[in-house]
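K.L.:
Below is a structure I'd like to ask you about.
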Amino acid sequence: MSWDLDLFISRLYGKHLLPEATVKELCEKVKEVLVREGNVRTVSAPCTLVGDVHGQFYDVLEIFRIGGACPDTNYVFLGDYVDRGYYSVETISLLACLKLRWPDRVTLVRGNHESRAVTQTYGFYTECMRKYGSANVWTYFTDLFDYLVLSVVIDDAIFCVHGGLSPSLHTVDQIRVIDRFREIPHEGPMADLVWSDPVSTPTFNTNTGAGSDDKGDFAISPRGAGYIFGKEVTRKFLEVNGMGHICRAHQLCMEGYQILYDDMLSTVWSAPNYCYRAGNMASVLEIGPGLERYFNVFGPCPDQDRETPSREAAATMGMTGDLTAQSDDDGNSGSLAGTPGFARRKKGAGRRVGGLVAGTFASGGNGGSSGLGTGDSASAPTGVGVTKVVAEYFL
């Protein structure tokens, strides 16, 4: 197949796999783009932040319907593009093509699933073997993952990362000097950025989990990698770096998002009905020109717009069984706007939160903090500004 990037994008919007040789060349070309980007990529508002999508390809297309097509919308994807969903290959292939086609309008941050070790366990490796008959495509993409950026700073005010903070990293400049061109290590600052979580309970300390999270320091994460951290750690990081807000992904939010610590930190989750049975909503976070933030909440792609693989294929990707047990852990152009059936769709649900005021974010009321720990059950009460978070300790 001759090299025609717009044709590849159009085919991928129709869920057609690219030939193996094309994927190899695509990954090499995207590496050439990514190697020129620093560990901390600077992005200007307005932009739209996307959380975990986990191979839910049709829901990624729904995100483009809701948030706008590339390059009309400036997208920042916060990692975890593969594993769990049925269509990880199509998802990462499309995002890689969009990055290559519009490198200044698409930012790809590395998540904990952009890893050789994790993808061999949670589905991406098996999917590549099933769809291509060999592990070559898996190798091309996992090599590409080593080039993804580690974080994003929006207008010197909003720090974006997949997971969270690290006790080894006090300033953004320290992130800039990490050697990121490698597999995610088991420990250290690079691992912390993709694995750590904020603590959303009002009781937390480094020893017993009891006490006030206002004084919470770093503690070992129940995930087995990274750390958990509290409000005071978040406040200090923002203060030292002169920023007003941290946005991250990494944790399933039943209402699509969560706001913590008096609006200093938020989580955005973009895979609705996670694993096709969690029943959760999803969202994208739209950052306006004045750094105002709006969570655009949406549900799963309509059934008539999706296709489901056979039960046998789903079983080979580990997509059958109980979610709770697993959680213990053709268009004619390269733009959706020109693709038949891809009229932009705007959902009715959403929440606008405080804007930036004199270098700090205005409080959004109670900040949406649920008071739930990452290990609490999903039976806690919910309501306006309150969200339930389900931990994925091993995800």
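Within each chain, counting starts at residue 1; across the structure tokens, chains are named A, B, ... in the order shown, with ligands numbered 1 upward in that order.
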Just the residues within 10 Å of Cys128 (chain A), please, counting only C-alpha atoms, with nothing from its chain fewer than 2 positions along; format it as number ranges by chain.

P.N.:
A: 87-89, 123-126, 130-139

K.L.:
Within 7 Å of Leu108 (chain A), counting only C-alpha atoms, which residues qualify if same-chain residues fewer than 2 places away don't, as a ChimeraX atom specification?

P.N.:
/A:76-79,106,110,148-149

K.L.:
Those residues with C-alpha atoms, as a tab-separated table (two decimals), in the first residue's frame please?

P.N.:
```tsv
chain	number	residue	atom	x	y	z
A	76	VAL	CA	-4.59	16.06	24.89
A	77	PHE	CA	-4.95	12.31	25.48
A	78	LEU	CA	-3.83	11.31	28.97
A	79	GLY	CA	-2.84	7.71	28.30
A	106	VAL	CA	-2.80	16.02	19.14
A	110	ARG	CA	2.03	7.87	28.35
A	148	LEU	CA	5.34	9.22	24.48
A	149	VAL	CA	5.58	12.34	26.64
```

K.L.:
Using only C-alpha atoms, pick whichever of A:Asp4, A:Glu37, A:Glu255, A:Asp83 has the shortest atom-to-atom distance to Ser151 (chain A).

P.N.:
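Ranked by minimum distance to Ser151 (chain A), first place goes to A:Glu37.
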
K.L.:
Taking the DSSP secondary structure from the backbone, can you list the residues of region 60-254 of chain A that are strand (DSSP E or B), as JSON, numbers by chain?

P.N.:
{"A": [75, 76, 77, 106, 107, 108, 109, 149, 151, 152, 153, 154, 158, 159, 160, 161, 197, 198, 203, 212, 219, 220, 227, 228, 229, 245, 246, 247, 248, 252, 253]}

K.L.:
Quick one: residues within 10 Å of Tyr140 (chain A), only C-alpha atoms, excluding same-chain residues fewer than 3 positions away - as an MDAnalysis selection string?

P.N.:
chainID A and resid 20 23:28 135:137 143:145

K.L.:
Which residues of region 76-175 of chain A come within 9 Å of region 272-277 of chain A, and what is each one's closest atom pair and distance in Å (one decimal), counting only C-alpha atoms, sorted by chain and residue number, as CSV?

P.N.:
```
residue,atom,partner,partner_atom,distance
A:Arg84,CA,A:Cys275,CA,6.2
A:Gly85,CA,A:Cys275,CA,6.1
A:Tyr86,CA,A:Cys275,CA,8.7
```

K.L.:
Go through region 169-302 of chain A and collect every residue that DSSP, computed from the backbone, puts in helix (DSSP H, G or I); the answer should be as a VMD selection string.

P.N.:
chain A and resid 172 to 176 189 to 195 213 to 215 231 to 241 274 to 276

K.L.:
Next, the residues of the selection above should be written as a PDB file, in the first residue's frame with N, CA and C atoms.

P.N.:
```
ATOM      1  N   VAL A 172       8.363  20.740  38.048  1.00  0.00           N
ATOM      2  CA  VAL A 172       8.170  20.270  36.679  1.00  0.00           C
ATOM      3  C   VAL A 172       9.511  20.130  35.971  1.00  0.00           C
ATOM      4  N   ASP A 173      10.467  20.974  36.305  1.00  0.00           N
ATOM      5  CA  ASP A 173      11.785  20.890  35.670  1.00  0.00           C
ATOM      6  C   ASP A 173      12.461  19.556  35.950  1.00  0.00           C
ATOM      7  N   GLN A 174      12.172  18.946  37.090  1.00  0.00           N
ATOM      8  CA  GLN A 174      12.747  17.631  37.384  1.00  0.00           C
ATOM      9  C   GLN A 174      12.180  16.555  36.463  1.00  0.00           C
ATOM     10  N   ILE A 175      10.947  16.739  36.012  1.00  0.00           N
ATOM     11  CA  ILE A 175      10.363  15.792  35.057  1.00  0.00           C
ATOM     12  C   ILE A 175      11.065  15.908  33.706  1.00  0.00           C
ATOM     13  N   ARG A 176      11.481  17.100  33.354  1.00  0.00           N
ATOM     14  CA  ARG A 176      12.095  17.336  32.043  1.00  0.00           C
ATOM     15  C   ARG A 176      13.384  16.540  31.845  1.00  0.00           C
ATOM     16  N   PRO A 189      10.613   7.855  39.762  1.00  0.00           N
ATOM     17  CA  PRO A 189       9.730   8.964  39.384  1.00  0.00           C
ATOM     18  C   PRO A 189       8.913   8.717  38.117  1.00  0.00           C
ATOM     19  N   MET A 190       9.497   8.052  37.140  1.00  0.00           N
ATOM     20  CA  MET A 190       8.751   7.786  35.908  1.00  0.00           C
ATOM     21  C   MET A 190       7.577   6.853  36.181  1.00  0.00           C
ATOM     22  N   ALA A 191       7.806   5.824  36.992  1.00  0.00           N
ATOM     23  CA  ALA A 191       6.720   4.917  37.366  1.00  0.00           C
ATOM     24  C   ALA A 191       5.657   5.653  38.170  1.00  0.00           C
ATOM     25  N   ASP A 192       6.083   6.531  39.066  1.00  0.00           N
ATOM     26  CA  ASP A 192       5.125   7.259  39.902  1.00  0.00           C
ATOM     27  C   ASP A 192       4.179   8.114  39.067  1.00  0.00           C
ATOM     28  N   LEU A 193       4.692   8.742  38.015  1.00  0.00           N
ATOM     29  CA  LEU A 193       3.855   9.625  37.190  1.00  0.00           C
ATOM     30  C   LEU A 193       2.709   8.869  36.523  1.00  0.00           C
ATOM     31  N   VAL A 194       2.925   7.600  36.197  1.00  0.00           N
ATOM     32  CA  VAL A 194       1.882   6.840  35.496  1.00  0.00           C
ATOM     33  C   VAL A 194       1.059   5.952  36.425  1.00  0.00           C
ATOM     34  N   TRP A 195       1.510   5.756  37.685  1.00  0.00           N
ATOM     35  CA  TRP A 195       0.828   4.818  38.567  1.00  0.00           C
ATOM     36  C   TRP A 195       0.162   5.455  39.786  1.00  0.00           C
ATOM     37  N   ASP A 213      -6.439  14.076  55.730  1.00  0.00           N
ATOM     38  CA  ASP A 213      -5.727  14.115  54.462  1.00  0.00           C
ATOM     39  C   ASP A 213      -5.094  15.477  54.215  1.00  0.00           C
ATOM     40  N   ASP A 214      -5.487  16.504  55.002  1.00  0.00           N
ATOM     41  CA  ASP A 214      -4.821  17.802  54.883  1.00  0.00           C
ATOM     42  C   ASP A 214      -3.341  17.666  55.218  1.00  0.00           C
ATOM     43  N   LYS A 215      -2.994  16.688  56.058  1.00  0.00           N
ATOM     44  CA  LYS A 215      -1.606  16.483  56.435  1.00  0.00           C
ATOM     45  C   LYS A 215      -1.017  15.260  55.740  1.00  0.00           C
ATOM     46  N   LYS A 231      -4.079  15.959  50.013  1.00  0.00           N
ATOM     47  CA  LYS A 231      -4.333  17.350  49.656  1.00  0.00           C
ATOM     48  C   LYS A 231      -3.103  18.229  49.842  1.00  0.00           C
ATOM     49  N   GLU A 232      -2.372  18.020  50.935  1.00  0.00           N
ATOM     50  CA  GLU A 232      -1.233  18.879  51.223  1.00  0.00           C
ATOM     51  C   GLU A 232      -0.119  18.688  50.199  1.00  0.00           C
ATOM     52  N   VAL A 233       0.121  17.453  49.773  1.00  0.00           N
ATOM     53  CA  VAL A 233       1.103  17.189  48.719  1.00  0.00           C
ATOM     54  C   VAL A 233       0.713  17.909  47.440  1.00  0.00           C
ATOM     55  N   THR A 234      -0.568  17.850  47.118  1.00  0.00           N
ATOM     56  CA  THR A 234      -1.067  18.524  45.918  1.00  0.00           C
ATOM     57  C   THR A 234      -0.870  20.031  46.015  1.00  0.00           C
ATOM     58  N   ARG A 235      -1.230  20.595  47.154  1.00  0.00           N
ATOM     59  CA  ARG A 235      -1.093  22.045  47.345  1.00  0.00           C
ATOM     60  C   ARG A 235       0.356  22.494  47.217  1.00  0.00           C
ATOM     61  N   LYS A 236       1.278  21.743  47.824  1.00  0.00           N
ATOM     62  CA  LYS A 236       2.689  22.108  47.766  1.00  0.00           C
ATOM     63  C   LYS A 236       3.228  22.057  46.346  1.00  0.00           C
ATOM     64  N   PHE A 237       2.860  21.015  45.599  1.00  0.00           N
ATOM     65  CA  PHE A 237       3.336  20.894  44.221  1.00  0.00           C
ATOM     66  C   PHE A 237       2.856  22.077  43.383  1.00  0.00           C
ATOM     67  N   LEU A 238       1.594  22.431  43.522  1.00  0.00           N
ATOM     68  CA  LEU A 238       1.053  23.556  42.758  1.00  0.00           C
ATOM     69  C   LEU A 238       1.712  24.868  43.179  1.00  0.00           C
ATOM     70  N   GLU A 239       1.923  25.032  44.460  1.00  0.00           N
ATOM     71  CA  GLU A 239       2.519  26.264  44.962  1.00  0.00           C
ATOM     72  C   GLU A 239       3.962  26.416  44.475  1.00  0.00           C
ATOM     73  N   VAL A 240       4.743  25.355  44.568  1.00  0.00           N
ATOM     74  CA  VAL A 240       6.143  25.406  44.142  1.00  0.00           C
ATOM     75  C   VAL A 240       6.256  25.701  42.651  1.00  0.00           C
ATOM     76  N   ASN A 241       5.331  25.175  41.868  1.00  0.00           N
ATOM     77  CA  ASN A 241       5.404  25.321  40.414  1.00  0.00           C
ATOM     78  C   ASN A 241       4.559  26.474  39.876  1.00  0.00           C
ATOM     79  N   TYR A 274     -17.192   0.954  31.136  1.00  0.00           N
ATOM     80  CA  TYR A 274     -15.856   0.352  31.070  1.00  0.00           C
ATOM     81  C   TYR A 274     -15.928  -1.164  31.034  1.00  0.00           C
ATOM     82  N   CYS A 275     -15.144  -1.751  30.158  1.00  0.00           N
ATOM     83  CA  CYS A 275     -15.157  -3.205  29.932  1.00  0.00           C
ATOM     84  C   CYS A 275     -16.533  -3.676  29.474  1.00  0.00           C
ATOM     85  N   TYR A 276     -17.350  -2.745  28.983  1.00  0.00           N
ATOM     86  CA  TYR A 276     -18.669  -3.034  28.419  1.00  0.00           C
ATOM     87  C   TYR A 276     -19.651  -3.568  29.450  1.00  0.00           C
TER      88      TYR A 276
END
```

K.L.:
Any idea what the distance is between CA of Leu5 (chain A) and CA of Leu49 (chain A)?

P.N.:
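Straight-line distance from CA of Leu5 (chain A) to CA of Leu49 (chain A) works out to 24.2 Å.
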
K.L.:
Near Asp80 (chain A), counting only C-alpha atoms, which residues have an atom at most 8 Å away, once you skip same-chain residues fewer than 2 positions from it, shown as a list of chain:residue names?

P.N.:
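What passes the distance filter is A:Gly51, A:Asp52, A:Val53, A:His54, A:Leu78, A:Val82, A:Asp83, A:Arg110, A:Gly111, A:Asn112, A:His113, A:Glu114, A:His250.
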
K.L.:
Go ahead and write the residues just picked, all heavy atoms, as a tab-separated table (two decimals), in the first residue's frame.

P.N.:
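Everything below was put into out.tsv:
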```tsv
chain	number	residue	atom	x	y	z
A	51	GLY	N	-9.35	11.23	29.05
A	51	GLY	CA	-8.79	10.25	29.97
A	51	GLY	C	-8.65	8.88	29.32
A	51	GLY	O	-8.60	8.74	28.10
A	52	ASP	N	-8.61	7.85	30.14
A	52	ASP	CA	-8.43	6.48	29.64
A	52	ASP	C	-9.52	6.12	28.63
A	52	ASP	O	-10.71	6.40	28.85
A	52	ASP	CB	-8.52	5.48	30.80
A	52	ASP	CG	-7.44	5.67	31.85
A	52	ASP	OD1	-7.02	6.83	32.06
A	52	ASP	OD2	-7.04	4.67	32.46
A	53	VAL	N	-9.11	5.46	27.54
A	53	VAL	CA	-10.09	4.98	26.57
A	53	VAL	C	-10.03	3.46	26.41
A	53	VAL	O	-10.99	2.83	25.98
A	53	VAL	CB	-9.91	5.66	25.19
A	53	VAL	CG1	-10.22	7.14	25.30
A	53	VAL	CG2	-8.51	5.46	24.63
A	54	HIS	N	-8.91	2.85	26.71
A	54	HIS	CA	-8.77	1.39	26.82
A	54	HIS	C	-9.37	0.61	25.65
A	54	HIS	O	-10.16	-0.32	25.85
A	54	HIS	CB	-9.38	0.91	28.14
A	54	HIS	CG	-8.48	1.11	29.31
A	54	HIS	ND1	-7.27	0.47	29.45
A	54	HIS	CD2	-8.60	1.92	30.40
A	54	HIS	CE1	-6.70	0.85	30.57
A	54	HIS	NE2	-7.47	1.74	31.17
A	78	LEU	N	-4.60	11.51	27.75
A	78	LEU	CA	-3.83	11.31	28.97
A	78	LEU	C	-3.42	9.86	29.21
A	78	LEU	O	-3.09	9.48	30.33
A	78	LEU	CB	-4.63	11.83	30.18
A	78	LEU	CG	-4.87	13.34	30.19
A	78	LEU	CD1	-5.71	13.74	31.40
A	78	LEU	CD2	-3.54	14.10	30.19
A	82	VAL	N	-4.80	1.36	25.23
A	82	VAL	CA	-4.95	-0.05	24.86
A	82	VAL	C	-5.34	-0.87	26.09
A	82	VAL	O	-5.38	-0.38	27.21
A	82	VAL	CB	-3.63	-0.59	24.26
A	82	VAL	CG1	-3.27	0.17	22.99
A	82	VAL	CG2	-2.48	-0.51	25.27
A	83	ASP	N	-5.61	-2.16	25.83
A	83	ASP	CA	-5.98	-3.16	26.84
A	83	ASP	C	-7.45	-3.03	27.24
A	83	ASP	O	-8.03	-1.95	27.23
A	83	ASP	CB	-5.11	-3.06	28.09
A	83	ASP	CG	-3.69	-3.58	27.87
A	83	ASP	OD1	-3.50	-4.38	26.95
A	83	ASP	OD2	-2.79	-3.18	28.64
A	110	ARG	N	1.86	9.29	28.05
A	110	ARG	CA	2.03	7.87	28.35
A	110	ARG	C	1.26	7.51	29.62
A	110	ARG	O	1.32	8.21	30.62
A	110	ARG	CB	3.50	7.54	28.53
A	110	ARG	CG	3.79	6.04	28.57
A	110	ARG	CD	5.28	5.75	28.53
A	110	ARG	NE	5.55	4.34	28.30
A	110	ARG	CZ	6.77	3.83	28.12
A	110	ARG	NH1	7.83	4.64	28.14
A	110	ARG	NH2	6.94	2.54	27.91
A	111	GLY	N	0.54	6.39	29.55
A	111	GLY	CA	-0.14	5.85	30.72
A	111	GLY	C	0.53	4.57	31.18
A	111	GLY	O	1.45	4.05	30.53
A	112	ASN	N	0.07	4.02	32.29
A	112	ASN	CA	0.70	2.80	32.80
A	112	ASN	C	0.46	1.60	31.90
A	112	ASN	O	1.21	0.61	31.95
A	112	ASN	CB	0.21	2.51	34.22
A	112	ASN	CG	-1.28	2.25	34.30
A	112	ASN	OD1	-2.08	3.10	33.90
A	112	ASN	ND2	-1.68	1.10	34.82
A	113	HIS	N	-0.55	1.65	31.04
A	113	HIS	CA	-0.79	0.54	30.11
A	113	HIS	C	0.06	0.64	28.85
A	113	HIS	O	0.08	-0.32	28.07
A	113	HIS	CB	-2.27	0.46	29.74
A	113	HIS	CG	-3.09	-0.27	30.75
A	113	HIS	ND1	-3.51	-1.56	30.60
A	113	HIS	CD2	-3.55	0.13	31.96
A	113	HIS	CE1	-4.20	-1.94	31.65
A	113	HIS	NE2	-4.24	-0.92	32.50
A	114	GLU	N	0.76	1.74	28.66
A	114	GLU	CA	1.66	1.84	27.51
A	114	GLU	C	2.99	1.20	27.93
A	114	GLU	O	4.02	1.86	28.04
A	114	GLU	CB	1.83	3.30	27.08
A	114	GLU	CG	0.70	3.79	26.20
A	114	GLU	CD	-0.65	3.86	26.92
A	114	GLU	OE1	-0.80	4.71	27.80
A	114	GLU	OE2	-1.54	3.03	26.60
A	250	HIS	N	-6.53	7.72	34.90
A	250	HIS	CA	-6.03	6.56	35.64
A	250	HIS	C	-7.04	5.87	36.55
A	250	HIS	O	-6.85	4.70	36.87
A	250	HIS	CB	-4.81	6.99	36.45
A	250	HIS	CG	-3.97	5.88	37.01
A	250	HIS	ND1	-3.64	4.74	36.29
A	250	HIS	CD2	-3.37	5.72	38.23
A	250	HIS	CE1	-2.88	3.96	37.03
A	250	HIS	NE2	-2.71	4.52	38.21
```

K.L.:
Hey, what's within 12 Å of Asp156 (chain A) if we count only C-alpha atoms and toss same-chain stuff fewer than 6 positions away? As a list in words, please?

P.N.:
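Residues near the query, excluding close chain neighbours: Val40, Arg41, Thr42, Val43, Ser44, Ala45, Val172, Leu238, Asn241, Gly242, Met243, Gly244, His245, Ile246, Leu291, Leu356, Gly359 and Thr360 of chain A.
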
K.L.:
Please write the residues from the selection above to a file, keeping all heavy atoms, as a compact mmCIF listing (two decimals), in the first residue's frame.

P.N.:
```
# COMPACT_ATOMS: atom_id res chain seq x y z
N VAL A 40 7.91 17.13 29.10
CA VAL A 40 6.79 17.99 29.49
C VAL A 40 6.40 18.82 28.28
O VAL A 40 7.15 19.71 27.86
CB VAL A 40 7.16 18.91 30.67
CG1 VAL A 40 5.95 19.73 31.09
CG2 VAL A 40 7.70 18.10 31.84
N ARG A 41 5.28 18.53 27.71
CA ARG A 41 4.84 19.24 26.50
C ARG A 41 3.98 20.44 26.90
O ARG A 41 3.08 20.33 27.75
CB ARG A 41 4.05 18.30 25.60
CG ARG A 41 3.54 18.94 24.30
CD ARG A 41 3.11 17.87 23.32
NE ARG A 41 2.34 18.38 22.22
CZ ARG A 41 2.85 18.94 21.12
NH1 ARG A 41 4.16 19.11 21.03
NH2 ARG A 41 2.07 19.35 20.15
N THR A 42 4.24 21.58 26.29
CA THR A 42 3.47 22.79 26.55
C THR A 42 2.32 22.89 25.55
O THR A 42 2.53 22.77 24.34
CB THR A 42 4.37 24.03 26.45
OG1 THR A 42 5.42 23.93 27.41
CG2 THR A 42 3.57 25.29 26.71
N VAL A 43 1.12 23.09 26.07
CA VAL A 43 -0.08 23.19 25.23
C VAL A 43 -0.81 24.48 25.60
O VAL A 43 -0.86 24.85 26.78
CB VAL A 43 -1.00 21.97 25.44
CG1 VAL A 43 -2.32 22.15 24.70
CG2 VAL A 43 -0.30 20.70 24.98
N SER A 44 -1.37 25.13 24.61
CA SER A 44 -2.14 26.35 24.85
C SER A 44 -3.63 26.05 24.83
O SER A 44 -4.10 25.23 24.04
CB SER A 44 -1.81 27.41 23.78
OG SER A 44 -0.45 27.77 23.83
N ALA A 45 -4.37 26.71 25.70
CA ALA A 45 -5.83 26.63 25.68
C ALA A 45 -6.34 27.49 24.51
O ALA A 45 -5.67 28.43 24.10
CB ALA A 45 -6.40 27.13 27.00
N VAL A 172 8.36 20.74 38.05
CA VAL A 172 8.17 20.27 36.68
C VAL A 172 9.51 20.13 35.97
O VAL A 172 9.70 19.23 35.14
CB VAL A 172 7.23 21.23 35.92
CG1 VAL A 172 7.18 20.89 34.44
CG2 VAL A 172 5.82 21.18 36.52
N LEU A 238 1.59 22.43 43.52
CA LEU A 238 1.05 23.56 42.76
C LEU A 238 1.71 24.87 43.18
O LEU A 238 2.04 25.72 42.34
CB LEU A 238 -0.46 23.64 42.94
CG LEU A 238 -1.26 22.49 42.32
CD1 LEU A 238 -2.73 22.59 42.71
CD2 LEU A 238 -1.11 22.48 40.80
N ASN A 241 5.33 25.17 41.87
CA ASN A 241 5.40 25.32 40.41
C ASN A 241 4.56 26.47 39.88
O ASN A 241 4.50 26.68 38.66
CB ASN A 241 4.99 24.01 39.74
CG ASN A 241 6.01 22.91 39.97
OD1 ASN A 241 7.04 22.86 39.30
ND2 ASN A 241 5.73 22.03 40.93
N GLY A 242 3.91 27.21 40.78
CA GLY A 242 3.14 28.38 40.36
C GLY A 242 1.96 28.04 39.49
O GLY A 242 1.62 28.79 38.56
N MET A 243 1.31 26.91 39.78
CA MET A 243 0.15 26.49 38.99
C MET A 243 -1.10 26.45 39.86
O MET A 243 -1.04 26.63 41.08
CB MET A 243 0.41 25.10 38.38
CG MET A 243 1.58 25.08 37.40
SD MET A 243 1.74 23.47 36.60
CE MET A 243 3.33 23.69 35.80
N GLY A 244 -2.24 26.21 39.20
CA GLY A 244 -3.50 26.26 39.92
C GLY A 244 -4.28 24.97 39.97
O GLY A 244 -5.22 24.85 40.74
N HIS A 245 -3.91 23.97 39.12
CA HIS A 245 -4.74 22.78 39.04
C HIS A 245 -3.94 21.62 38.46
O HIS A 245 -3.05 21.82 37.63
CB HIS A 245 -5.96 23.04 38.16
CG HIS A 245 -7.04 22.01 38.26
ND1 HIS A 245 -7.91 21.94 39.32
CD2 HIS A 245 -7.37 20.98 37.44
CE1 HIS A 245 -8.75 20.92 39.15
NE2 HIS A 245 -8.43 20.32 38.01
N ILE A 246 -4.27 20.41 38.91
CA ILE A 246 -3.73 19.18 38.34
C ILE A 246 -4.88 18.40 37.72
O ILE A 246 -5.93 18.21 38.36
CB ILE A 246 -3.04 18.31 39.41
CG1 ILE A 246 -1.80 19.02 39.97
CG2 ILE A 246 -2.65 16.95 38.83
CD1 ILE A 246 -1.17 18.30 41.15
N LEU A 291 -9.07 29.46 30.53
CA LEU A 291 -8.79 28.35 31.45
C LEU A 291 -10.00 27.92 32.27
O LEU A 291 -9.86 27.21 33.27
CB LEU A 291 -7.60 28.67 32.37
CG LEU A 291 -6.26 28.91 31.67
CD1 LEU A 291 -5.18 29.22 32.69
CD2 LEU A 291 -5.87 27.70 30.84
N LEU A 356 -9.73 30.13 36.31
CA LEU A 356 -8.48 30.59 36.90
C LEU A 356 -8.59 32.05 37.30
O LEU A 356 -9.00 32.89 36.51
CB LEU A 356 -7.34 30.41 35.89
CG LEU A 356 -5.94 30.64 36.42
CD1 LEU A 356 -5.60 29.55 37.42
CD2 LEU A 356 -4.93 30.64 35.29
N GLY A 359 -3.90 33.40 39.03
CA GLY A 359 -2.94 32.33 39.21
C GLY A 359 -3.43 31.15 40.02
O GLY A 359 -2.75 30.16 40.16
N THR A 360 -4.65 31.22 40.57
CA THR A 360 -5.22 30.10 41.31
C THR A 360 -6.64 29.88 40.84
O THR A 360 -7.29 30.79 40.34
CB THR A 360 -5.23 30.35 42.83
OG1 THR A 360 -6.01 31.51 43.11
CG2 THR A 360 -3.81 30.56 43.35
```

K.L.:
Given the choices A:Arg223, A:Lys99, A:Arg180, A:Arg248, which gets closest to Gly163 (chain A) if the distance is worked out from only C-alpha atoms?

P.N.:
A:Arg248

K.L.:
Counting only C-alpha atoms, which of A:Gly230, A:Gly279, A:Pro185, A:Pro198 gets nearest to Ala117 (chain A)?

P.N.:
A:Pro185

K.L.:
Let me make sure I understand: among A:Thr48, A:Thr142, A:Asn296, A:Ser166, which one has the smallest atom-to-atom distance to Met281 (chain A) if we use only C-alpha atoms?

P.N.:
A:Asn296

K.L.:
Given the choices A:Trp3, A:Trp102, A:Tyr75, A:Phe159, which gets closest to Met264 (chain A) if the distance is worked out from only C-alpha atoms?

P.N.:
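Of A:Trp3, A:Trp102, A:Tyr75, A:Phe159, the one nearest Met264 (chain A), counting only C-alpha atoms, is A:Phe159.
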